[in-house]
Structures are given as structure tokens and as C-alpha cells.
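Content type compact mmCIF, C-alpha atoms, from the file input21.txt:
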```
# COMPACT_ATOMS: atom_id res chain seq x y z
CA MET A 175 17.31 -24.94 75.14
CA LYS A 176 14.31 -25.86 73.01
CA ILE A 177 15.56 -27.57 69.88
CA VAL A 178 13.66 -28.91 66.85
CA ILE A 179 15.47 -31.43 64.65
CA LEU A 180 14.25 -32.35 61.18
CA GLY A 181 15.24 -35.86 60.09
CA CYS A 182 15.69 -38.86 62.35
CA GLY A 183 18.43 -40.57 60.41
CA ARG A 184 21.84 -41.41 61.85
CA MET A 185 22.86 -37.83 62.37
CA GLY A 186 19.46 -36.54 63.50
CA ALA A 187 18.99 -39.35 66.01
CA HIS A 188 22.56 -39.10 67.30
CA LEU A 189 22.22 -35.37 67.89
CA ALA A 190 18.76 -35.75 69.43
CA ARG A 191 19.97 -38.35 71.93
CA ARG A 192 22.96 -36.28 72.89
CA LEU A 193 21.01 -33.05 73.38
CA ASP A 194 18.23 -34.93 75.20
CA SER A 195 20.67 -36.56 77.60
CA GLU A 196 22.13 -33.13 78.36
CA GLY A 197 18.70 -32.02 79.50
CA HIS A 198 17.56 -29.97 76.50
CA SER A 199 13.98 -30.06 75.30
CA VAL A 200 14.20 -31.86 71.94
CA THR A 201 11.54 -32.51 69.26
CA VAL A 202 12.33 -34.68 66.25
CA ILE A 203 10.38 -34.56 62.96
CA ASP A 204 10.48 -37.42 60.46
CA ARG A 205 8.33 -38.69 57.61
CA THR A 206 8.41 -42.32 58.71
CA SER A 207 7.57 -43.58 62.18
CA GLU A 208 10.11 -46.43 61.97
CA SER A 209 12.91 -43.86 62.00
CA PHE A 210 12.07 -42.95 65.60
CA ALA A 211 13.37 -46.38 66.70
CA ARG A 212 16.87 -44.91 66.31
CA LEU A 213 16.17 -42.67 69.32
CA GLY A 214 16.18 -45.64 71.70
CA ASN A 215 13.98 -46.27 74.73
CA ASP A 216 15.36 -43.65 77.07
CA PHE A 217 14.66 -40.68 74.79
CA GLN A 218 12.57 -38.13 76.70
CA GLY A 219 11.80 -35.75 73.84
CA LYS A 220 8.88 -35.43 71.45
CA MET A 221 8.45 -37.16 68.11
CA VAL A 222 6.38 -35.58 65.32
CA LEU A 223 5.42 -37.43 62.18
CA GLY A 224 5.31 -35.37 59.00
CA THR A 225 7.24 -33.48 56.37
CA GLY A 226 9.54 -30.72 57.55
CA ILE A 227 8.56 -28.23 54.88
CA ASP A 228 4.98 -27.99 56.08
CA GLU A 229 4.31 -25.04 58.38
CA ASP A 230 1.61 -26.93 60.27
CA VAL A 231 3.96 -29.81 61.03
CA MET A 232 6.60 -27.37 62.20
CA ARG A 233 4.08 -25.65 64.45
CA ARG A 234 3.10 -29.00 65.95
CA ALA A 235 6.77 -29.55 66.69
CA GLY A 236 6.80 -26.30 68.67
CA ILE A 237 8.91 -24.31 66.22
CA GLU A 238 7.36 -21.06 67.48
CA GLN A 239 9.06 -21.44 70.86
CA ALA A 240 12.26 -23.05 69.58
CA ASP A 241 15.69 -21.58 70.28
CA ALA A 242 17.29 -23.65 67.53
CA PHE A 243 16.27 -25.58 64.41
CA ILE A 244 18.48 -28.23 62.84
CA ALA A 245 17.70 -29.61 59.35
CA VAL A 246 19.41 -32.96 58.81
CA SER A 247 16.96 -34.88 56.61
CA ASN A 248 18.44 -36.85 53.72
CA GLY A 249 17.55 -34.20 51.13
CA ASP A 250 19.57 -31.02 50.61
CA ASN A 251 16.61 -29.22 49.11
CA THR A 252 14.31 -30.17 51.96
CA ASN A 253 16.90 -29.02 54.50
CA ALA A 254 17.43 -25.69 52.78
CA MET A 255 13.73 -24.99 52.44
CA ALA A 256 12.90 -26.08 56.00
CA ALA A 257 15.72 -23.91 57.35
CA GLU A 258 14.46 -20.93 55.37
CA ILE A 259 10.94 -21.40 56.72
CA ALA A 260 12.31 -21.66 60.27
CA LYS A 261 14.27 -18.45 59.82
CA LEU A 262 11.92 -16.30 57.74
CA VAL A 263 8.49 -17.42 58.91
CA PHE A 264 9.15 -18.50 62.49
CA LYS A 265 12.18 -16.31 63.22
CA VAL A 266 14.06 -19.08 65.03
CA PRO A 267 17.29 -17.52 66.41
CA ARG A 268 19.69 -20.33 65.46
CA VAL A 269 19.18 -22.35 62.30
CA VAL A 270 21.56 -24.98 60.93
CA ALA A 271 21.15 -26.94 57.69
CA ARG A 272 23.15 -29.89 56.46
CA LEU A 273 23.84 -29.76 52.71
CA TYR A 274 25.78 -32.53 50.99
CA ASP A 275 26.41 -30.58 47.79
CA PRO A 276 29.41 -28.24 48.43
CA VAL A 277 28.23 -25.68 45.88
CA ARG A 278 24.76 -25.55 47.39
CA GLU A 279 26.34 -25.25 50.81
CA ASP A 280 28.54 -22.38 49.67
CA THR A 281 25.59 -20.55 48.07
CA TYR A 282 23.38 -20.86 51.16
CA HIS A 283 26.26 -19.97 53.44
CA GLN A 284 26.71 -16.75 51.47
CA LEU A 285 23.01 -15.97 51.68
CA GLY A 286 23.67 -15.56 55.37
CA LEU A 287 20.25 -16.76 56.47
CA MET A 288 21.37 -19.92 58.19
CA GLU A 289 24.44 -21.76 59.31
CA THR A 290 25.44 -24.58 57.00
CA VAL A 291 27.35 -27.82 57.41
CA CYS A 292 28.72 -29.80 54.47
CA PRO A 293 29.74 -33.33 55.50
CA THR A 294 31.21 -33.91 52.02
CA VAL A 295 33.81 -31.18 52.41
CA MET A 296 34.45 -31.89 56.11
CA GLY A 297 34.86 -35.61 55.50
CA SER A 298 37.07 -35.31 52.46
CA ASP A 299 39.27 -32.68 54.14
CA LYS A 300 39.71 -35.00 57.09
CA ILE A 301 40.56 -37.99 54.90
CA TYR A 302 42.95 -35.90 52.83
CA ASP A 303 44.78 -34.75 55.93
CA LEU A 304 45.04 -38.32 57.17
CA ILE A 305 46.62 -39.81 54.06
CA MET A 306 48.89 -37.02 52.86
CA PRO A 307 52.42 -37.36 54.28
CA ASN A 308 52.99 -33.65 54.91
CA ARG A 309 49.58 -33.05 56.30
CA LYS A 310 48.79 -29.65 57.64
CA ILE A 311 46.87 -29.10 60.81
CA LYS A 312 43.85 -27.01 59.97
CA MET B 467 15.92 -16.10 24.92
CA TYR B 468 17.69 -19.04 26.46
CA ILE B 469 15.25 -20.77 28.78
CA ILE B 470 15.98 -23.69 31.10
CA ILE B 471 13.06 -25.77 32.30
CA VAL B 472 13.55 -28.23 35.16
CA GLY B 473 11.04 -31.07 35.39
CA GLY B 474 9.86 -33.14 32.44
CA GLY B 475 6.35 -33.94 33.61
CA LYS B 476 3.29 -32.75 31.73
CA VAL B 477 3.78 -29.10 32.67
CA GLY B 478 7.43 -29.13 31.67
CA TYR B 479 6.76 -30.97 28.44
CA TYR B 480 4.02 -28.67 27.14
CA LEU B 481 5.87 -25.60 28.28
CA CYS B 482 8.93 -26.81 26.41
CA LYS B 483 6.92 -27.45 23.29
CA SER B 484 5.25 -24.04 23.31
CA LEU B 485 8.50 -22.20 23.96
CA LEU B 486 10.30 -24.09 21.17
CA ASN B 487 7.44 -23.12 18.94
CA GLU B 488 8.10 -19.50 19.77
CA GLU B 489 11.67 -20.13 18.63
CA HIS B 490 13.31 -19.77 21.99
CA GLU B 491 16.41 -21.76 22.83
CA VAL B 492 15.13 -24.28 25.35
CA LEU B 493 16.79 -26.90 27.53
CA LEU B 494 14.80 -29.32 29.63
CA ILE B 495 16.40 -31.02 32.66
CA GLU B 496 14.78 -34.26 33.85
CA LYS B 497 15.95 -37.02 36.21
CA ASP B 498 13.95 -39.93 34.86
CA LYS B 499 15.51 -41.77 31.91
CA ARG B 500 12.21 -42.92 30.45
CA LYS B 501 10.75 -39.41 30.42
CA CYS B 502 13.98 -38.09 28.85
CA ASP B 503 13.81 -40.69 26.09
CA ILE B 504 10.19 -39.93 25.25
CA ILE B 505 10.69 -36.17 25.17
CA SER B 506 13.93 -36.22 23.18
CA ALA B 507 12.39 -38.65 20.68
CA GLU B 508 9.66 -36.12 20.04
CA LEU B 509 11.30 -32.75 20.51
CA GLY B 510 14.93 -33.53 19.66
CA GLY B 511 18.17 -33.13 21.56
CA ILE B 512 16.99 -30.50 23.99
CA VAL B 513 16.90 -32.75 27.04
CA LEU B 514 19.58 -33.06 29.69
CA ARG B 515 19.28 -35.97 32.06
CA GLY B 516 20.12 -35.23 35.67
CA ASP B 517 19.10 -33.67 38.96
CA GLY B 518 18.24 -30.08 38.07
CA SER B 519 18.95 -28.86 41.59
CA ASP B 520 22.49 -30.24 41.48
CA SER B 521 25.03 -27.50 40.86
CA ILE B 522 27.11 -29.65 38.50
CA VAL B 523 24.08 -30.37 36.31
CA MET B 524 23.11 -26.69 36.41
CA GLU B 525 26.57 -25.70 35.25
CA GLU B 526 26.50 -28.26 32.45
CA ALA B 527 23.15 -26.85 31.36
CA GLY B 528 24.70 -23.40 31.02
CA MET B 529 22.61 -21.89 33.78
CA ASN B 530 24.95 -18.88 33.93
CA ARG B 531 23.99 -17.75 30.44
CA CYS B 532 20.27 -18.43 30.66
CA ASP B 533 17.72 -15.62 30.67
CA LEU B 534 14.92 -17.46 32.42
CA ALA B 535 14.80 -20.53 34.65
CA ILE B 536 11.51 -22.35 35.20
CA ALA B 537 11.18 -25.01 37.91
CA VAL B 538 8.13 -27.22 37.46
CA THR B 539 8.99 -30.44 39.29
CA GLY B 540 6.45 -32.06 41.60
CA ASP B 541 8.39 -31.10 44.72
CA ASP B 542 8.23 -27.59 46.13
CA GLU B 543 11.57 -27.89 47.92
CA ASP B 544 13.28 -28.79 44.65
CA ASN B 545 11.60 -25.93 42.79
CA LEU B 546 12.62 -23.49 45.50
CA MET B 547 16.22 -24.73 45.52
CA ILE B 548 16.46 -24.56 41.72
CA CYS B 549 15.21 -20.99 41.58
CA GLN B 550 17.39 -19.81 44.45
CA MET B 551 20.51 -21.44 43.04
CA ALA B 552 19.73 -20.03 39.59
CA LYS B 553 19.41 -16.54 41.03
CA LYS B 554 22.12 -16.45 43.67
CA LYS B 555 24.77 -18.75 42.25
CA PHE B 556 24.28 -18.37 38.50
CA GLY B 557 22.92 -14.83 38.33
CA VAL B 558 19.79 -15.72 36.38
CA GLU B 559 17.61 -12.64 36.08
CA ARG B 560 14.15 -14.22 36.07
CA THR B 561 12.89 -17.38 37.72
CA ILE B 562 9.48 -19.00 37.81
CA ALA B 563 8.50 -21.75 40.26
CA ARG B 564 5.59 -24.13 40.28
CA ILE B 565 4.04 -24.53 43.71
CA ASN B 566 2.32 -27.77 44.65
CA ASN B 567 1.30 -26.99 48.22
CA PRO B 568 -0.73 -23.74 48.19
CA LYS B 569 0.50 -23.00 51.70
CA ASN B 570 3.98 -22.54 50.29
CA GLU B 571 3.03 -19.63 48.06
CA HIS B 572 3.87 -16.91 50.59
CA ILE B 573 7.09 -18.69 51.59
CA PHE B 574 8.29 -18.53 47.98
CA LYS B 575 7.42 -14.84 47.88
CA LEU B 576 9.37 -14.26 51.11
CA MET B 577 12.34 -15.98 49.55
CA GLY B 578 12.41 -13.74 46.54
CA ILE B 579 11.18 -16.00 43.74
CA ASP B 580 9.82 -13.60 41.09
CA HIS B 581 6.91 -15.61 39.83
CA THR B 582 5.04 -18.54 41.25
CA VAL B 583 2.35 -20.69 39.71
CA SER B 584 0.10 -22.55 42.10
CA VAL B 585 -1.56 -25.78 41.06
CA THR B 586 -4.54 -24.82 43.21
CA ASP B 587 -5.73 -22.74 40.29
CA LEU B 588 -5.35 -25.72 38.00
CA ILE B 589 -7.43 -27.95 40.25
CA LEU B 590 -10.06 -25.25 40.45
CA ALA B 591 -10.09 -25.24 36.68
CA GLN B 592 -10.65 -29.00 36.69
CA ILE B 593 -13.67 -28.55 38.93
CA GLU B 594 -15.01 -25.80 36.70
CA ARG B 595 -14.53 -28.06 33.68
CA GLY B 596 -17.03 -30.52 35.13
CA ILE B 597 -19.69 -27.84 35.40
CA PRO B 598 -21.16 -27.17 31.95
CA ALA B 599 -22.55 -23.77 33.01
CA HIS B 600 -19.03 -22.38 32.96
CA SER B 601 -18.11 -21.51 29.43
CA LEU B 602 -14.70 -20.32 30.55
CA VAL B 603 -12.08 -22.32 32.44
CA HIS B 604 -9.27 -20.43 34.13
CA LEU B 605 -6.20 -22.59 33.64
CA LEU B 606 -3.64 -20.30 35.17
CA THR B 607 -3.29 -16.68 36.21
CA LEU B 608 0.03 -14.86 36.50
CA ARG B 609 -1.16 -12.05 38.75
CA ASP B 610 2.17 -10.28 38.90
CA VAL B 611 2.15 -9.66 35.19
CA GLY B 612 -1.62 -9.52 34.70
CA VAL B 613 -1.84 -12.44 32.29
CA SER B 614 -4.36 -15.29 32.24
CA PHE B 615 -4.47 -18.66 30.49
CA VAL B 616 -8.11 -19.50 29.82
CA GLU B 617 -9.88 -22.27 27.98
CA THR B 618 -13.29 -22.49 26.37
CA LYS B 619 -15.15 -25.16 24.45
CA VAL B 620 -16.60 -24.35 21.03
CA PRO B 621 -20.33 -25.25 21.09
CA ALA B 622 -21.85 -26.91 17.99
CA ASP B 623 -23.95 -23.84 17.29
CA SER B 624 -21.13 -21.33 17.72
CA PRO B 625 -20.73 -18.85 14.88
CA ALA B 626 -16.99 -19.58 14.97
CA VAL B 627 -17.48 -23.16 13.69
CA GLY B 628 -16.11 -23.41 10.15
CA LYS B 629 -14.30 -20.08 10.45
CA ARG B 630 -10.56 -19.59 10.17
CA LEU B 631 -8.55 -18.25 13.12
CA ARG B 632 -7.61 -15.15 11.10
CA ASP B 633 -11.29 -14.35 10.51
CA LEU B 634 -12.13 -14.05 14.20
CA PRO B 635 -12.05 -10.61 15.81
CA ILE B 636 -9.35 -11.53 18.32
CA PRO B 637 -8.17 -8.55 20.38
CA ASP B 638 -4.51 -7.46 20.19
CA ASP B 639 -3.89 -8.54 23.77
CA MET B 640 -4.92 -12.15 23.13
CA VAL B 641 -3.25 -15.08 21.40
CA ILE B 642 -4.54 -18.60 20.83
CA PRO B 643 -1.55 -20.95 21.08
CA LEU B 644 -3.42 -24.22 21.44
CA ILE B 645 -6.54 -26.04 20.31
CA ILE B 646 -7.37 -29.45 21.74
CA ARG B 647 -9.33 -31.51 19.25
CA GLY B 648 -10.30 -35.10 19.96
CA GLY B 649 -7.72 -35.35 22.73
CA LYS B 650 -4.91 -34.05 20.50
CA GLY B 651 -3.19 -30.71 20.77
CA ILE B 652 -3.02 -28.53 17.67
CA VAL B 653 -0.93 -25.39 17.45
CA PRO B 654 -3.12 -23.20 15.24
CA TYR B 655 -2.11 -20.67 12.61
CA GLY B 656 -4.15 -18.18 10.60
CA GLU B 657 -5.66 -20.79 8.29
CA THR B 658 -6.75 -23.22 11.03
CA VAL B 659 -10.51 -23.78 10.89
CA PHE B 660 -12.46 -24.16 14.13
CA MET B 661 -14.68 -27.17 14.65
CA ALA B 662 -17.49 -27.88 17.10
CA GLY B 663 -16.14 -29.41 20.31
CA ASP B 664 -12.71 -27.78 20.01
CA GLU B 665 -11.19 -26.76 23.31
CA VAL B 666 -9.53 -23.44 22.70
CA VAL B 667 -6.77 -22.20 24.99
CA ALA B 668 -5.98 -18.48 25.01
CA VAL B 669 -3.32 -16.37 26.64
CA THR B 670 -4.68 -12.93 27.40
CA THR B 671 -4.47 -9.94 29.70
CA MET B 672 -6.68 -10.44 32.73
CA ALA B 673 -8.95 -7.60 31.59
CA GLU B 674 -9.73 -9.31 28.30
CA VAL B 675 -10.50 -12.75 29.70
CA ASP B 676 -14.25 -12.66 29.06
CA ILE B 677 -13.78 -11.84 25.39
CA LEU B 678 -12.68 -15.41 24.70
CA GLY B 679 -16.04 -16.75 25.82
CA LYS B 680 -17.84 -14.20 23.67
CA LEU B 681 -15.77 -15.12 20.60
CA PHE B 682 -17.03 -18.69 20.63
CA ALA B 683 -20.34 -18.54 22.46
CA LYS B 684 -23.49 -19.37 20.48
CA THR B 685 -25.39 -16.33 19.29
CA THR B 686 -28.14 -15.63 21.76
CA THR B 687 -31.53 -15.09 20.16
CA ALA B 688 -32.09 -12.01 22.31
CA GLU B 689 -29.47 -10.09 20.36
```

Write-out of the structure in C-alpha cells:
Amino acid sequence: MKIVILGCGRMGAHLARRLDSEGHSVTVIDRTSESFARLGNDFQGKMVLGTGIDEDVMRRAGIEQADAFIAVSNGDNTNAMAAEIAKLVFKVPRVVARLYDPVREDTYHQLGLMETVCPTVMGSDKIYDLIMPNRKIK
Amino acid sequence: MYIIIVGGGKVGYYLCKSLLNEEHEVLLIEKDKRKCDIISAELGGIVLRGDGSDSIVMEEAGMNRCDLAIAVTGDDEDNLMICQMAKKKFGVERTIARINNPKNEHIFKLMGIDHTVSVTDLILAQIERGIPAHSLVHLLTLRDVGVSFVETKVPADSPAVGKRLRDLPIPDDMVIPLIIRGGKGIVPYGETVFMAGDEVVAVTTMAEVDILGKLFAKTTTAE
């Protein structure tokens, strides 16, 4: 699969390395070149410097041929907008955005344009289940 | 109308001031404490400090009962998020977004934001301002609704100098909400007298734009 990832933070880099090692064609976009150090030396994919809400940057990252776009930069708003561009302008088949704010996540989930992941809800649910004595298996 | 403005920069501030002047209920949301302090010291308790794209802040601001949400921060992604959340989550009927990167204009349209205002037009106006041949500066055009914000400078030999606002033959489709005199903004009323060098801002239908220039231009000897 051809995959474009926006944001080379902990999550972006982790995902990129995993997908790259599985043989997928991965391109990572980030605003700062230092972030690419997280990818390590054996990363085979492409690195593109720039902001993920700029169509030209996305084109350079090969968004037009991408099978999936993943927005995991540190800003909810950037992720939502980048994901919308990927879906509406470039018609990428699978688009996933990370949104920290649960309400924002819920709203964008309901819009149905993209798939959304909210680490806040996932993390707190997990912690809740761990500490409550009669924890339910979800 | 209850209007929420997000972004307390220059655009947000002047917008807020003008809308308060028109006796709307206005709330301004701004992240920066210093900007909040300055604006609330001048305009009163109409400022809410916080991230205007955060749902909790939006709720606190009463987004669900507002008639119009205007996002004028310096970041397009924030403006887009604010307008989309206002519409989809809080059911706000009308939203207006400022666009900083002109390339984003069609993206905003695709995403269903009713009205967008591109700063490209403002920069163009700045360039025009430096060329004295232009008597009219286009500050902003809202194409969807056919309205323009234009500015002109009153020349020393203009027949309007020394005249009151009420004495000028201003068309029905035009209002003059602002005069800039010596670097200070004045909100004029009927008795305000025009002076040479005044920069006059008018809001008008696009068809009537040229009339502003004619109102203040010096009388040509040919006529």
C-alpha cells in the first residue's frame, strides 16, 4: 500500500517504521526536519518537509497515488483539515485523523468523511478498566 | 443578533467594535492573555479567554444560541475547525471564515463554509494604496452577497471638505462606518464634518462602488 503520514512525532514515526518494515511505501510529512530523526537509519520511505494543509506539499508527498492518508500531527485542527483535503480534493480511499478533543472527534466521526481516533478516550477507558475492581471487558 | 468572533487580532478587534456599535450582542474569543486584557479594557467584558476551537470553550461561549460565528484567527486550519464545529456541533446557521492562504479558498467552499474572506484582497489593497493614481482602495469584497468595503482619501480640494456627512448625496445602498483621521479611527454620524486627508471607508453594494470616489473626488475643471 502507498501511505502518506502527516506528523513525525512519536505516533507518526512509530507507525511509519512499522508500515515501512512491513514493505509498504511510506511518505512522512513534517514541518521540522529534526523530527525525521525519529524514523531511524533503516527507514526506506520518503520524507517531505512542509505543512500538511498545503495542497502542493501533499502533492509532493504523492497524495494523488496514495491508498491511505493518516493525520497524526500535534494539532487537532491541522489533522482535521488535512484529512478533509485528502478526502475531498485528492479522493484518498482511506483517511484517518487523530483528534485529542473527544467532542471534536465525535463531530468529525459523525460527518462521516474520515475515520477518527481519539487517544484521550481510548487511554482513559483503558486506565478506567485497569483500576476499577469490577472492570468490564469491552 | 448574537455574534461570536474568534481571534482577537486586528481584524477581530475592529470587527468587534463595529458590530458592538451596531448594537449586536458580541463575544470575542482570544487565546492570548495580553490581547484579552487590552480589548476588555477598551470594549468591556465581552472577551472570553481560551482556545476558540475547543468544544468546551465554544460551549461556555454559548455557541449553540449564536446566530453568526466569525473565525478570523491567523491560522486557516483553526478557522476551518471553528466554522465546522459551529455548524455541525452547535447548529449555528451562518459562519464566516478568514482565509490566510489563498489556495485554501476552494477547500473552504468544498467544506461548506458559507462565506470566506481572503487576505489576498487586503494585500492587493495595500499595493493599491501605494499608488496615488488609485482614488479607490478595495479593502474587501464579499462576492456571495455582492457587498464591497472600499476606502478613499479626501483630497484637499475636494468639495466634500468642510461638509457634514448628512449633506453628502450618499446613495441608499452605501454606509460610511469609519473615517481614519491622523491615524485614528472615527465612527461618523450625521454631523461629522469631513476634512482634507481623511480616509473614508464605505460599505456598499458592488454596483455602487465607484460612487464613493465620485463623492470625494476634486471637481474636474472639464465639468

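Coordinates place CA of Met467 in chain B at a distance of 7.6 Å from CA of Cys532 in chain B.
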
Inset, instruction - Mind giving me the straight-line distance from CA of Phe217 in chain A to CA of Met185 in chain A in Å, one decimal? - result: 15.2 Å

Mind running chain A against chain B at 10 Å and telling me each contacting residue's nearest atom pair with the distance in Å (one decimal), counting only C-alpha atoms, chain and number ascending, as JSON lines?
```
{"residue": "A:Ile227", "atom": "CA", "partner": "B:Glu543", "partner_atom": "CA", "distance": 7.6}
{"residue": "A:Asp228", "atom": "CA", "partner": "B:Lys569", "partner_atom": "CA", "distance": 8.0}
{"residue": "A:Glu229", "atom": "CA", "partner": "B:Lys569", "partner_atom": "CA", "distance": 8.0}
{"residue": "A:Asp230", "atom": "CA", "partner": "B:Lys569", "partner_atom": "CA", "distance": 9.5}
{"residue": "A:Gly249", "atom": "CA", "partner": "B:Glu543", "partner_atom": "CA", "distance": 9.3}
{"residue": "A:Asp250", "atom": "CA", "partner": "B:Met547", "partner_atom": "CA", "distance": 8.8}
{"residue": "A:Asn251", "atom": "CA", "partner": "B:Glu543", "partner_atom": "CA", "distance": 5.3}
{"residue": "A:Thr252", "atom": "CA", "partner": "B:Glu543", "partner_atom": "CA", "distance": 5.4}
{"residue": "A:Asn253", "atom": "CA", "partner": "B:Glu543", "partner_atom": "CA", "distance": 8.5}
{"residue": "A:Ala254", "atom": "CA", "partner": "B:Met547", "partner_atom": "CA", "distance": 7.4}
{"residue": "A:Met255", "atom": "CA", "partner": "B:Glu543", "partner_atom": "CA", "distance": 5.8}
{"residue": "A:Ala256", "atom": "CA", "partner": "B:Glu543", "partner_atom": "CA", "distance": 8.4}
{"residue": "A:Glu258", "atom": "CA", "partner": "B:Met577", "partner_atom": "CA", "distance": 7.9}
{"residue": "A:Ile259", "atom": "CA", "partner": "B:Ile573", "partner_atom": "CA", "distance": 7.0}
{"residue": "A:Leu262", "atom": "CA", "partner": "B:Leu576", "partner_atom": "CA", "distance": 7.4}
{"residue": "A:Val263", "atom": "CA", "partner": "B:Ile573", "partner_atom": "CA", "distance": 7.6}
{"residue": "A:Asp275", "atom": "CA", "partner": "B:Asp520", "partner_atom": "CA", "distance": 7.4}
{"residue": "A:Pro276", "atom": "CA", "partner": "B:Ser521", "partner_atom": "CA", "distance": 8.8}
{"residue": "A:Val277", "atom": "CA", "partner": "B:Ser521", "partner_atom": "CA", "distance": 6.2}
{"residue": "A:Arg278", "atom": "CA", "partner": "B:Ser521", "partner_atom": "CA", "distance": 6.8}
{"residue": "A:Asp280", "atom": "CA", "partner": "B:Lys555", "partner_atom": "CA", "distance": 9.1}
{"residue": "A:Thr281", "atom": "CA", "partner": "B:Lys555", "partner_atom": "CA", "distance": 6.1}
{"residue": "A:Tyr282", "atom": "CA", "partner": "B:Met551", "partner_atom": "CA", "distance": 8.6}
{"residue": "A:Gln284", "atom": "CA", "partner": "B:Lys554", "partner_atom": "CA", "distance": 9.1}
{"residue": "A:Leu285", "atom": "CA", "partner": "B:Lys554", "partner_atom": "CA", "distance": 8.1}
```

Legend entry - Pick from A:Pro307, A:Gly286, A:Gly219, A:Gly214 nearest to Val200 in chain A, counting all atoms listed in the file: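 Of A:Pro307, A:Gly286, A:Gly219, A:Gly214, the one nearest Val200 in chain A is A:Gly219, counting all atoms listed in the file.
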
Inset, instruction - Kindly give the distance, in Å, that separates CA of Lys220 in chain A and CA of Asp241 in chain A, rounded to a single decimal. - result: 15.5 Å

Name the residues in contact with Val523 in chain B at a cut-off of 12 Å, using only C-alpha atoms, excluding same-chain residues fewer than 4 positions from it; report them as a PDB file with C-alpha atoms, in the frame of the given file.
```
ATOM      1  CA  ASP A 275      26.410 -30.580  47.790  1.00  0.00           C
ATOM      2  CA  VAL A 277      28.230 -25.680  45.880  1.00  0.00           C
TER       3      VAL A 277
ATOM      4  CA  ILE B 470      15.980 -23.690  31.100  1.00  0.00           C
ATOM      5  CA  VAL B 472      13.550 -28.230  35.160  1.00  0.00           C
ATOM      6  CA  LEU B 493      16.790 -26.900  27.530  1.00  0.00           C
ATOM      7  CA  LEU B 494      14.800 -29.320  29.630  1.00  0.00           C
ATOM      8  CA  ILE B 495      16.400 -31.020  32.660  1.00  0.00           C
ATOM      9  CA  GLU B 496      14.780 -34.260  33.850  1.00  0.00           C
ATOM     10  CA  LYS B 497      15.950 -37.020  36.210  1.00  0.00           C
ATOM     11  CA  VAL B 513      16.900 -32.750  27.040  1.00  0.00           C
ATOM     12  CA  LEU B 514      19.580 -33.060  29.690  1.00  0.00           C
ATOM     13  CA  ARG B 515      19.280 -35.970  32.060  1.00  0.00           C
ATOM     14  CA  GLY B 516      20.120 -35.230  35.670  1.00  0.00           C
ATOM     15  CA  ASP B 517      19.100 -33.670  38.960  1.00  0.00           C
ATOM     16  CA  GLY B 518      18.240 -30.080  38.070  1.00  0.00           C
ATOM     17  CA  SER B 519      18.950 -28.860  41.590  1.00  0.00           C
ATOM     18  CA  ALA B 527      23.150 -26.850  31.360  1.00  0.00           C
ATOM     19  CA  GLY B 528      24.700 -23.400  31.020  1.00  0.00           C
ATOM     20  CA  MET B 529      22.610 -21.890  33.780  1.00  0.00           C
ATOM     21  CA  ASN B 530      24.950 -18.880  33.930  1.00  0.00           C
ATOM     22  CA  ILE B 548      16.460 -24.560  41.720  1.00  0.00           C
ATOM     23  CA  MET B 551      20.510 -21.440  43.040  1.00  0.00           C
ATOM     24  CA  ALA B 552      19.730 -20.030  39.590  1.00  0.00           C
TER      25      ALA B 552
END
```

Legend entry - Residue with smallest distance to Val558 in chain B - pool B:Ile469, B:Leu608, B:Leu631, B:Val675, counting all atoms listed in the file: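 Nearest candidate to Val558 in chain B out of B:Ile469, B:Leu608, B:Leu631, B:Val675: B:Ile469.
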
Inset, instruction - Within 10 Å of Lys261 in chain A, counting only C-alpha atoms, which residues show up once you throw out same-chain ones fewer than 6 positions away? Write them as a PyMOL selection string, please. - result: chain A and resi 242-243+255+267-270+287-288

Legend entry - Val477 in chain B surroundings by all atoms listed in the file, 12 Å radius, close-in-sequence under 5 positions cut, as a PyMOL selection string: chain B and resi 471-472+482-484+494+536-540+563-565+583+585+588+605-606

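Neighbours of Arg234 in chain A closer than or equal to 12 Å, with all atoms listed in the file counted and sequence neighbours fewer than 2 positions away skipped, come out as A:Val178, A:Thr201, A:Val202, A:Ile203, A:Lys220, A:Met221, A:Val222, A:Leu223, A:Gly224, A:Thr225, A:Gly226, A:Asp228, A:Glu229, A:Asp230, A:Val231, A:Met232, A:Gly236, A:Ile237, A:Glu238, A:Gln239, A:Ala240.
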
Legend entry - Exercise: range 655-670 of chain B partners within 7 Å, only C-alpha atoms, chain neighbours under 6 positions left out, as a ChimeraX atom specification: /B:613-622,626-632,639-647

For the selection you just gave me, I'd like the residues written to a file as a PDB file, in the coordinates of the input, keeping C-alpha atoms.
```pdb
ATOM      1  CA  VAL B 613      -1.840 -12.440  32.290  1.00  0.00           C
ATOM      2  CA  SER B 614      -4.360 -15.290  32.240  1.00  0.00           C
ATOM      3  CA  PHE B 615      -4.470 -18.660  30.490  1.00  0.00           C
ATOM      4  CA  VAL B 616      -8.110 -19.500  29.820  1.00  0.00           C
ATOM      5  CA  GLU B 617      -9.880 -22.270  27.980  1.00  0.00           C
ATOM      6  CA  THR B 618     -13.290 -22.490  26.370  1.00  0.00           C
ATOM      7  CA  LYS B 619     -15.150 -25.160  24.450  1.00  0.00           C
ATOM      8  CA  VAL B 620     -16.600 -24.350  21.030  1.00  0.00           C
ATOM      9  CA  PRO B 621     -20.330 -25.250  21.090  1.00  0.00           C
ATOM     10  CA  ALA B 622     -21.850 -26.910  17.990  1.00  0.00           C
ATOM     11  CA  ALA B 626     -16.990 -19.580  14.970  1.00  0.00           C
ATOM     12  CA  VAL B 627     -17.480 -23.160  13.690  1.00  0.00           C
ATOM     13  CA  GLY B 628     -16.110 -23.410  10.150  1.00  0.00           C
ATOM     14  CA  LYS B 629     -14.300 -20.080  10.450  1.00  0.00           C
ATOM     15  CA  ARG B 630     -10.560 -19.590  10.170  1.00  0.00           C
ATOM     16  CA  LEU B 631      -8.550 -18.250  13.120  1.00  0.00           C
ATOM     17  CA  ARG B 632      -7.610 -15.150  11.100  1.00  0.00           C
ATOM     18  CA  ASP B 639      -3.890  -8.540  23.770  1.00  0.00           C
ATOM     19  CA  MET B 640      -4.920 -12.150  23.130  1.00  0.00           C
ATOM     20  CA  VAL B 641      -3.250 -15.080  21.400  1.00  0.00           C
ATOM     21  CA  ILE B 642      -4.540 -18.600  20.830  1.00  0.00           C
ATOM     22  CA  PRO B 643      -1.550 -20.950  21.080  1.00  0.00           C
ATOM     23  CA  LEU B 644      -3.420 -24.220  21.440  1.00  0.00           C
ATOM     24  CA  ILE B 645      -6.540 -26.040  20.310  1.00  0.00           C
ATOM     25  CA  ILE B 646      -7.370 -29.450  21.740  1.00  0.00           C
ATOM     26  CA  ARG B 647      -9.330 -31.510  19.250  1.00  0.00           C
TER      27      ARG B 647
END
```

Legend entry - Nearest-residue call for Ser207 in chain A, choices A:Met175, A:Ile244, A:Ala257, A:Cys182, using all atoms listed in the file: A:Cys182
